[in-house]
Amino acid sequence: MLPTLFLDRDGVINVRTIGDYVCHPDAFIPTDGLGEAMPLLAAHFGRIVVVTNQAGIGRGLMSEQDLAAVHEKMFEIVEAAGGRIDRAYFCPHAKDAGCRCRKPATGMAWLALADFPDIDFENAWLVGDSASDIEFGQSLGMRTVLIAGKSEEAEQLAKMRIDFRFDSLLAFARFLNYHPT
């Protein structure tokens, strides 16, 4: 059975806007190499899901409809390149809400498992750019991949045990293409 890939969105799939949110489709800028990376990843992974914290909703800066429009653009870009994302999950809550879905909490993973019972967390990978992404993956027994981590978390990330580190999602996809696991 092919493994499952859990992808963070901001900083991995699209360019992260430091101190701001991607609130509208025109603000969604794919990361360099996304179009080449996603078909490679689709060939390697049986299931690809996005798990993304979107506190802008909880803070009233955007609506769930705004996020749906952003995700529609994301899906279109990925599909046009020959890749796929099977589903996108999001946490709309602010950091201090204490919810069970905001990474590093694992609620989004359990939603994915409910939708796709064939997911095996121990045969899954998490790709993200933050400490909370890595903690999310580790707490579920996934292999973890850090993509050019958040500079404001550099010290914390340097101390973490992370399975792989790459400059981009494309670099990770190329690695898998040449080093299948």
# chains A, B, ... in the order shown; residues from 1 in each chain; ligands from 1
call {"tool": "residues_around", "arguments": {"residues": "Asp120 (chain A)", "least_positions_apart": "6", "cutoff": "9 Å", "atoms": "only C-alpha atoms", "output": "PyMOL selection string"}}
result
chain A and resi 3-4+113
call {"tool": "residues_around", "arguments": {"residues": "Cys101 (chain A)", "least_positions_apart": "5", "cutoff": "12 Å", "atoms": "only C-alpha atoms", "output": "VMD selection string"}}
result
chain A and resid 51 to 55 89 to 95 106 to 112 132 136
call {"tool": "write_last_selection", "arguments": {"atoms": "C-alpha atoms", "output": "mmCIF file, in the first residue's frame"}}
result
data_model
loop_
_atom_site.group_PDB
_atom_site.id
_atom_site.type_symbol
_atom_site.label_atom_id
_atom_site.label_comp_id
_atom_site.auth_asym_id
_atom_site.auth_seq_id
_atom_site.Cartn_x
_atom_site.Cartn_y
_atom_site.Cartn_z
ATOM 1 C CA VAL A 51 -3.627 20.084 6.811
ATOM 2 C CA THR A 52 -3.492 23.805 7.451
ATOM 3 C CA ASN A 53 -4.024 26.145 10.389
ATOM 4 C CA GLN A 54 -6.066 29.125 9.216
ATOM 5 C CA ALA A 55 -6.439 31.376 12.253
ATOM 6 C CA TYR A 89 -8.491 20.092 6.044
ATOM 7 C CA PHE A 90 -8.214 23.306 7.997
ATOM 8 C CA CYS A 91 -8.406 24.598 11.527
ATOM 9 C CA PRO A 92 -10.224 27.952 11.621
ATOM 10 C CA HIS A 93 -9.427 28.681 15.268
ATOM 11 C CA ALA A 94 -7.099 31.278 16.736
ATOM 12 C CA LYS A 95 -4.017 30.078 18.638
ATOM 13 C CA THR A 106 -3.924 15.966 15.634
ATOM 14 C CA GLY A 107 -7.620 16.574 14.980
ATOM 15 C CA MET A 108 -7.177 17.144 11.240
ATOM 16 C CA ALA A 109 -5.377 13.807 10.909
ATOM 17 C CA TRP A 110 -8.283 12.027 12.572
ATOM 18 C CA LEU A 111 -10.725 13.751 10.216
ATOM 19 C CA ALA A 112 -8.631 12.500 7.305
ATOM 20 C CA SER A 132 3.949 22.656 15.012
ATOM 21 C CA PHE A 136 1.935 16.987 14.494
#
call {"tool": "closest_atom_pairs", "arguments": {"of": "region 6-114 of chain A", "to": "region 164-178 of chain A", "cutoff": "8 Å", "atoms": "only C-alpha atoms", "output": "CSV"}}
result
residue,atom,partner,partner_atom,distance
A:Val12,CA,A:Leu169,CA,6.2
A:Ile13,CA,A:Leu169,CA,7.5
A:Asp32,CA,A:Ser168,CA,7.8
A:Gly33,CA,A:Leu170,CA,5.5
A:Leu34,CA,A:Leu170,CA,6.4
A:Glu36,CA,A:Leu170,CA,6.8
A:Ala37,CA,A:Leu170,CA,4.6
A:Met38,CA,A:Ala173,CA,7.7
A:Leu40,CA,A:Ala173,CA,5.9
A:Leu41,CA,A:Ala173,CA,5.8
A:His44,CA,A:Leu176,CA,7.6
call {"tool": "select_by_dssp", "arguments": {"residues": "region 47-171 of chain A", "states": "helix (DSSP H, G or I)", "output": "mmCIF file with N, CA, C and O atoms, in the first residue's frame"}}
result
data_model
loop_
_atom_site.group_PDB
_atom_site.id
_atom_site.type_symbol
_atom_site.label_atom_id
_atom_site.label_comp_id
_atom_site.auth_asym_id
_atom_site.auth_seq_id
_atom_site.Cartn_x
_atom_site.Cartn_y
_atom_site.Cartn_z
ATOM 1 N N ALA A 55 -5.931 30.542 11.168
ATOM 2 C CA ALA A 55 -6.439 31.376 12.253
ATOM 3 C C ALA A 55 -7.051 32.679 11.765
ATOM 4 O O ALA A 55 -7.775 33.341 12.512
ATOM 5 N N GLY A 56 -6.790 33.056 10.526
ATOM 6 C CA GLY A 56 -7.409 34.265 9.976
ATOM 7 C C GLY A 56 -8.921 34.200 10.017
ATOM 8 O O GLY A 56 -9.591 35.232 10.128
ATOM 9 N N ILE A 57 -9.471 32.998 9.953
ATOM 10 C CA ILE A 57 -10.924 32.847 10.044
ATOM 11 C C ILE A 57 -11.370 33.180 11.463
ATOM 12 O O ILE A 57 -12.279 33.990 11.669
ATOM 13 N N GLY A 58 -10.726 32.566 12.446
ATOM 14 C CA GLY A 58 -11.072 32.807 13.842
ATOM 15 C C GLY A 58 -10.854 34.248 14.275
ATOM 16 O O GLY A 58 -11.548 34.742 15.166
ATOM 17 N N GLU A 64 -14.851 31.328 5.878
ATOM 18 C CA GLU A 64 -14.635 29.984 5.345
ATOM 19 C C GLU A 64 -14.866 29.964 3.832
ATOM 20 O O GLU A 64 -14.230 29.195 3.122
ATOM 21 N N GLN A 65 -15.750 30.828 3.327
ATOM 22 C CA GLN A 65 -15.971 30.929 1.891
ATOM 23 C C GLN A 65 -14.725 31.488 1.186
ATOM 24 O O GLN A 65 -14.383 31.057 0.089
ATOM 25 N N ASP A 66 -14.066 32.467 1.836
ATOM 26 C CA ASP A 66 -12.812 32.990 1.283
ATOM 27 C C ASP A 66 -11.775 31.871 1.182
ATOM 28 O O ASP A 66 -11.092 31.726 0.162
ATOM 29 N N LEU A 67 -11.672 31.082 2.252
ATOM 30 C CA LEU A 67 -10.711 29.973 2.258
ATOM 31 C C LEU A 67 -11.068 28.951 1.182
ATOM 32 O O LEU A 67 -10.179 28.435 0.490
ATOM 33 N N ALA A 68 -12.347 28.659 1.011
ATOM 34 C CA ALA A 68 -12.770 27.710 -0.025
ATOM 35 C C ALA A 68 -12.342 28.191 -1.408
ATOM 36 O O ALA A 68 -11.904 27.395 -2.250
ATOM 37 N N ALA A 69 -12.432 29.495 -1.656
ATOM 38 C CA ALA A 69 -12.018 30.045 -2.946
ATOM 39 C C ALA A 69 -10.496 29.923 -3.125
ATOM 40 O O ALA A 69 -10.020 29.612 -4.223
ATOM 41 N N VAL A 70 -9.748 30.150 -2.055
ATOM 42 C CA VAL A 70 -8.290 29.991 -2.105
ATOM 43 C C VAL A 70 -7.953 28.532 -2.406
ATOM 44 O O VAL A 70 -7.108 28.235 -3.259
ATOM 45 N N HIS A 71 -8.631 27.612 -1.719
ATOM 46 C CA HIS A 71 -8.350 26.196 -1.937
ATOM 47 C C HIS A 71 -8.774 25.738 -3.330
ATOM 48 O O HIS A 71 -8.117 24.879 -3.928
ATOM 49 N N GLU A 72 -9.830 26.320 -3.860
ATOM 50 C CA GLU A 72 -10.229 25.990 -5.230
ATOM 51 C C GLU A 72 -9.110 26.341 -6.198
ATOM 52 O O GLU A 72 -8.782 25.562 -7.096
ATOM 53 N N LYS A 73 -8.495 27.502 -6.009
ATOM 54 C CA LYS A 73 -7.375 27.889 -6.864
ATOM 55 C C LYS A 73 -6.210 26.923 -6.670
ATOM 56 O O LYS A 73 -5.568 26.514 -7.643
ATOM 57 N N MET A 74 -5.928 26.534 -5.425
ATOM 58 C CA MET A 74 -4.843 25.596 -5.140
ATOM 59 C C MET A 74 -5.081 24.278 -5.892
ATOM 60 O O MET A 74 -4.186 23.764 -6.556
ATOM 61 N N PHE A 75 -6.295 23.734 -5.761
ATOM 62 C CA PHE A 75 -6.626 22.485 -6.449
ATOM 63 C C PHE A 75 -6.459 22.633 -7.963
ATOM 64 O O PHE A 75 -5.924 21.736 -8.620
ATOM 65 N N GLU A 76 -6.925 23.747 -8.527
ATOM 66 C CA GLU A 76 -6.830 23.970 -9.975
ATOM 67 C C GLU A 76 -5.379 23.997 -10.438
ATOM 68 O O GLU A 76 -5.032 23.399 -11.457
ATOM 69 N N ILE A 77 -4.523 24.693 -9.701
ATOM 70 C CA ILE A 77 -3.105 24.787 -10.063
ATOM 71 C C ILE A 77 -2.453 23.410 -10.025
ATOM 72 O O ILE A 77 -1.727 23.013 -10.935
ATOM 73 N N VAL A 78 -2.716 22.675 -8.956
ATOM 74 C CA VAL A 78 -2.111 21.350 -8.795
ATOM 75 C C VAL A 78 -2.605 20.389 -9.874
ATOM 76 O O VAL A 78 -1.817 19.664 -10.494
ATOM 77 N N GLU A 79 -3.911 20.381 -10.135
ATOM 78 C CA GLU A 79 -4.475 19.481 -11.145
ATOM 79 C C GLU A 79 -4.001 19.842 -12.550
ATOM 80 O O GLU A 79 -3.721 18.957 -13.366
ATOM 81 N N ALA A 80 -3.887 21.136 -12.837
ATOM 82 C CA ALA A 80 -3.414 21.564 -14.157
ATOM 83 C C ALA A 80 -1.986 21.104 -14.415
ATOM 84 O O ALA A 80 -1.599 20.878 -15.570
ATOM 85 N N LYS A 95 -4.976 30.839 17.823
ATOM 86 C CA LYS A 95 -4.017 30.078 18.638
ATOM 87 C C LYS A 95 -4.507 29.810 20.050
ATOM 88 O O LYS A 95 -4.252 28.756 20.607
ATOM 89 N N ASP A 96 -5.192 30.753 20.641
ATOM 90 C CA ASP A 96 -5.580 30.627 22.049
ATOM 91 C C ASP A 96 -6.942 29.959 22.248
ATOM 92 O O ASP A 96 -7.466 29.916 23.346
ATOM 93 N N ALA A 97 -7.510 29.380 21.183
ATOM 94 C CA ALA A 97 -8.844 28.783 21.280
ATOM 95 C C ALA A 97 -8.852 27.439 22.002
ATOM 96 O O ALA A 97 -9.899 26.983 22.455
ATOM 97 N N GLY A 107 -6.234 16.707 15.422
ATOM 98 C CA GLY A 107 -7.620 16.574 14.980
ATOM 99 C C GLY A 107 -7.798 16.464 13.478
ATOM 100 O O GLY A 107 -8.639 15.688 13.001
ATOM 101 N N MET A 108 -7.021 17.212 12.700
ATOM 102 C CA MET A 108 -7.177 17.144 11.240
ATOM 103 C C MET A 108 -6.765 15.772 10.706
ATOM 104 O O MET A 108 -7.342 15.276 9.733
ATOM 105 N N ALA A 109 -5.791 15.150 11.340
ATOM 106 C CA ALA A 109 -5.377 13.807 10.909
ATOM 107 C C ALA A 109 -6.498 12.804 11.146
ATOM 108 O O ALA A 109 -6.742 11.920 10.318
ATOM 109 N N TRP A 110 -7.189 12.945 12.259
ATOM 110 C CA TRP A 110 -8.283 12.027 12.572
ATOM 111 C C TRP A 110 -9.476 12.250 11.649
ATOM 112 O O TRP A 110 -10.177 11.299 11.291
ATOM 113 N N LEU A 111 -9.691 13.487 11.226
ATOM 114 C CA LEU A 111 -10.725 13.751 10.216
ATOM 115 C C LEU A 111 -10.363 13.067 8.898
ATOM 116 O O LEU A 111 -11.222 12.467 8.237
ATOM 117 N N ALA A 112 -9.087 13.156 8.533
ATOM 118 C CA ALA A 112 -8.631 12.500 7.305
ATOM 119 C C ALA A 112 -8.817 10.987 7.404
ATOM 120 O O ALA A 112 -9.273 10.347 6.445
ATOM 121 N N LEU A 113 -8.489 10.421 8.541
ATOM 122 C CA LEU A 113 -8.651 8.978 8.727
ATOM 123 C C LEU A 113 -10.125 8.568 8.642
ATOM 124 O O LEU A 113 -10.451 7.523 8.075
ATOM 125 N N ALA A 114 -11.006 9.395 9.171
ATOM 126 C CA ALA A 114 -12.443 9.098 9.077
ATOM 127 C C ALA A 114 -12.900 9.104 7.617
ATOM 128 O O ALA A 114 -13.720 8.275 7.212
ATOM 129 N N ASP A 115 -12.354 10.024 6.817
ATOM 130 C CA ASP A 115 -12.716 10.098 5.406
ATOM 131 C C ASP A 115 -12.030 9.028 4.561
ATOM 132 O O ASP A 115 -12.573 8.574 3.560
ATOM 133 N N PHE A 121 -1.029 5.944 9.730
ATOM 134 C CA PHE A 121 -0.138 7.027 10.158
ATOM 135 C C PHE A 121 1.326 6.600 10.190
ATOM 136 O O PHE A 121 2.215 7.405 9.944
ATOM 137 N N GLU A 122 1.588 5.342 10.493
ATOM 138 C CA GLU A 122 2.974 4.873 10.539
ATOM 139 C C GLU A 122 3.546 4.666 9.138
ATOM 140 O O GLU A 122 4.738 4.453 8.985
ATOM 141 N N ASN A 123 2.700 4.723 8.128
ATOM 142 C CA ASN A 123 3.129 4.655 6.739
ATOM 143 C C ASN A 123 2.759 5.978 6.063
ATOM 144 O O ASN A 123 2.215 6.002 4.966
ATOM 145 N N ALA A 131 7.560 24.207 13.470
ATOM 146 C CA ALA A 131 7.686 23.263 14.580
ATOM 147 C C ALA A 131 6.358 22.569 14.849
ATOM 148 O O ALA A 131 6.328 21.367 15.125
ATOM 149 N N SER A 132 5.246 23.293 14.752
ATOM 150 C CA SER A 132 3.949 22.656 15.012
ATOM 151 C C SER A 132 3.635 21.594 13.968
ATOM 152 O O SER A 132 3.021 20.566 14.282
ATOM 153 N N ASP A 133 4.057 21.798 12.721
ATOM 154 C CA ASP A 133 3.870 20.773 11.690
ATOM 155 C C ASP A 133 4.644 19.512 12.061
ATOM 156 O O ASP A 133 4.108 18.401 12.008
ATOM 157 N N ILE A 134 5.900 19.686 12.414
ATOM 158 C CA ILE A 134 6.761 18.545 12.749
ATOM 159 C C ILE A 134 6.215 17.813 13.970
ATOM 160 O O ILE A 134 6.144 16.579 13.989
ATOM 161 N N GLU A 135 5.798 18.557 14.988
ATOM 162 C CA GLU A 135 5.228 17.933 16.190
ATOM 163 C C GLU A 135 3.975 17.145 15.848
ATOM 164 O O GLU A 135 3.750 16.050 16.377
ATOM 165 N N PHE A 136 3.138 17.670 14.963
ATOM 166 C CA PHE A 136 1.935 16.987 14.494
ATOM 167 C C PHE A 136 2.310 15.622 13.915
ATOM 168 O O PHE A 136 1.760 14.593 14.298
ATOM 169 N N GLY A 137 3.242 15.609 12.981
ATOM 170 C CA GLY A 137 3.653 14.362 12.350
ATOM 171 C C GLY A 137 4.283 13.389 13.321
ATOM 172 O O GLY A 137 3.973 12.194 13.321
ATOM 173 N N GLN A 138 5.159 13.902 14.182
ATOM 174 C CA GLN A 138 5.835 13.026 15.136
ATOM 175 C C GLN A 138 4.861 12.384 16.108
ATOM 176 O O GLN A 138 5.006 11.214 16.459
ATOM 177 N N SER A 139 3.867 13.125 16.559
ATOM 178 C CA SER A 139 2.939 12.580 17.543
ATOM 179 C C SER A 139 2.093 11.449 16.968
ATOM 180 O O SER A 139 1.535 10.644 17.722
ATOM 181 N N SER A 151 11.893 31.178 9.686
ATOM 182 C CA SER A 151 13.093 31.800 10.257
ATOM 183 C C SER A 151 12.889 32.179 11.714
ATOM 184 O O SER A 151 13.807 32.091 12.519
ATOM 185 N N GLU A 152 11.649 32.552 12.081
ATOM 186 C CA GLU A 152 11.391 32.930 13.466
ATOM 187 C C GLU A 152 11.414 31.731 14.418
ATOM 188 O O GLU A 152 11.439 31.890 15.633
ATOM 189 N N GLU A 153 11.430 30.527 13.868
ATOM 190 C CA GLU A 153 11.500 29.304 14.676
ATOM 191 C C GLU A 153 12.830 28.572 14.492
ATOM 192 O O GLU A 153 12.965 27.412 14.883
ATOM 193 N N ALA A 154 13.813 29.225 13.891
ATOM 194 C CA ALA A 154 15.070 28.567 13.529
ATOM 195 C C ALA A 154 15.726 27.850 14.712
ATOM 196 O O ALA A 154 16.164 26.703 14.590
ATOM 197 N N GLU A 155 15.779 28.505 15.853
ATOM 198 C CA GLU A 155 16.431 27.897 17.016
ATOM 199 C C GLU A 155 15.671 26.645 17.481
ATOM 200 O O GLU A 155 16.268 25.603 17.744
ATOM 201 N N GLN A 156 14.365 26.742 17.568
ATOM 202 C CA GLN A 156 13.544 25.603 17.982
ATOM 203 C C GLN A 156 13.657 24.458 16.977
ATOM 204 O O GLN A 156 13.811 23.299 17.358
ATOM 205 N N LEU A 157 13.594 24.766 15.690
ATOM 206 C CA LEU A 157 13.678 23.742 14.656
ATOM 207 C C LEU A 157 15.046 23.064 14.639
ATOM 208 O O LEU A 157 15.141 21.858 14.389
ATOM 209 N N ALA A 158 16.090 23.819 14.921
ATOM 210 C CA ALA A 158 17.440 23.250 14.934
ATOM 211 C C ALA A 158 17.591 22.183 16.014
ATOM 212 O O ALA A 158 18.392 21.256 15.874
ATOM 213 N N LYS A 159 16.825 22.284 17.077
ATOM 214 C CA LYS A 159 16.910 21.333 18.190
ATOM 215 C C LYS A 159 16.019 20.104 18.000
ATOM 216 O O LYS A 159 16.119 19.143 18.758
ATOM 217 N N LEU A 169 9.577 21.914 -1.633
ATOM 218 C CA LEU A 169 8.777 20.718 -1.870
ATOM 219 C C LEU A 169 9.308 19.983 -3.104
ATOM 220 O O LEU A 169 9.346 18.751 -3.129
ATOM 221 N N LEU A 170 9.752 20.728 -4.094
ATOM 222 C CA LEU A 170 10.314 20.102 -5.288
ATOM 223 C C LEU A 170 11.574 19.304 -4.955
ATOM 224 O O LEU A 170 11.756 18.195 -5.459
ATOM 225 N N ALA A 171 12.434 19.835 -4.111
ATOM 226 C CA ALA A 171 13.645 19.096 -3.729
ATOM 227 C C ALA A 171 13.276 17.781 -3.040
ATOM 228 O O ALA A 171 13.894 16.745 -3.290
#
call {"tool": "atom_distance", "arguments": {"atom1": "CA of Ile18 (chain A)", "atom2": "CA of Ile85 (chain A)"}}
result
24.5 Å
call {"tool": "residues_around", "arguments": {"residues": "Ile162 (chain A)", "least_positions_apart": "2", "cutoff": "7 Å", "atoms": "only C-alpha atoms", "output": "ChimeraX atom specification"}}
result
/A:144-145,160,164
call {"tool": "atom_distance", "arguments": {"atom1": "CA of Val127 (chain A)", "atom2": "CA of Ala148 (chain A)"}}
result
10.6 Å
call {"tool": "closest_residue", "arguments": {"among": "A:Arg59, A:His179, A:Lys150, A:Arg143", "to": "Asp163 (chain A)", "atoms": "only C-alpha atoms"}}
result
A:Arg143
call {"tool": "residues_around", "arguments": {"residues": "Ile29 (chain A)", "least_positions_apart": "3", "cutoff": "8 Å", "atoms": "only C-alpha atoms", "output": "ChimeraX atom specification"}}
result
/A:14-15,26
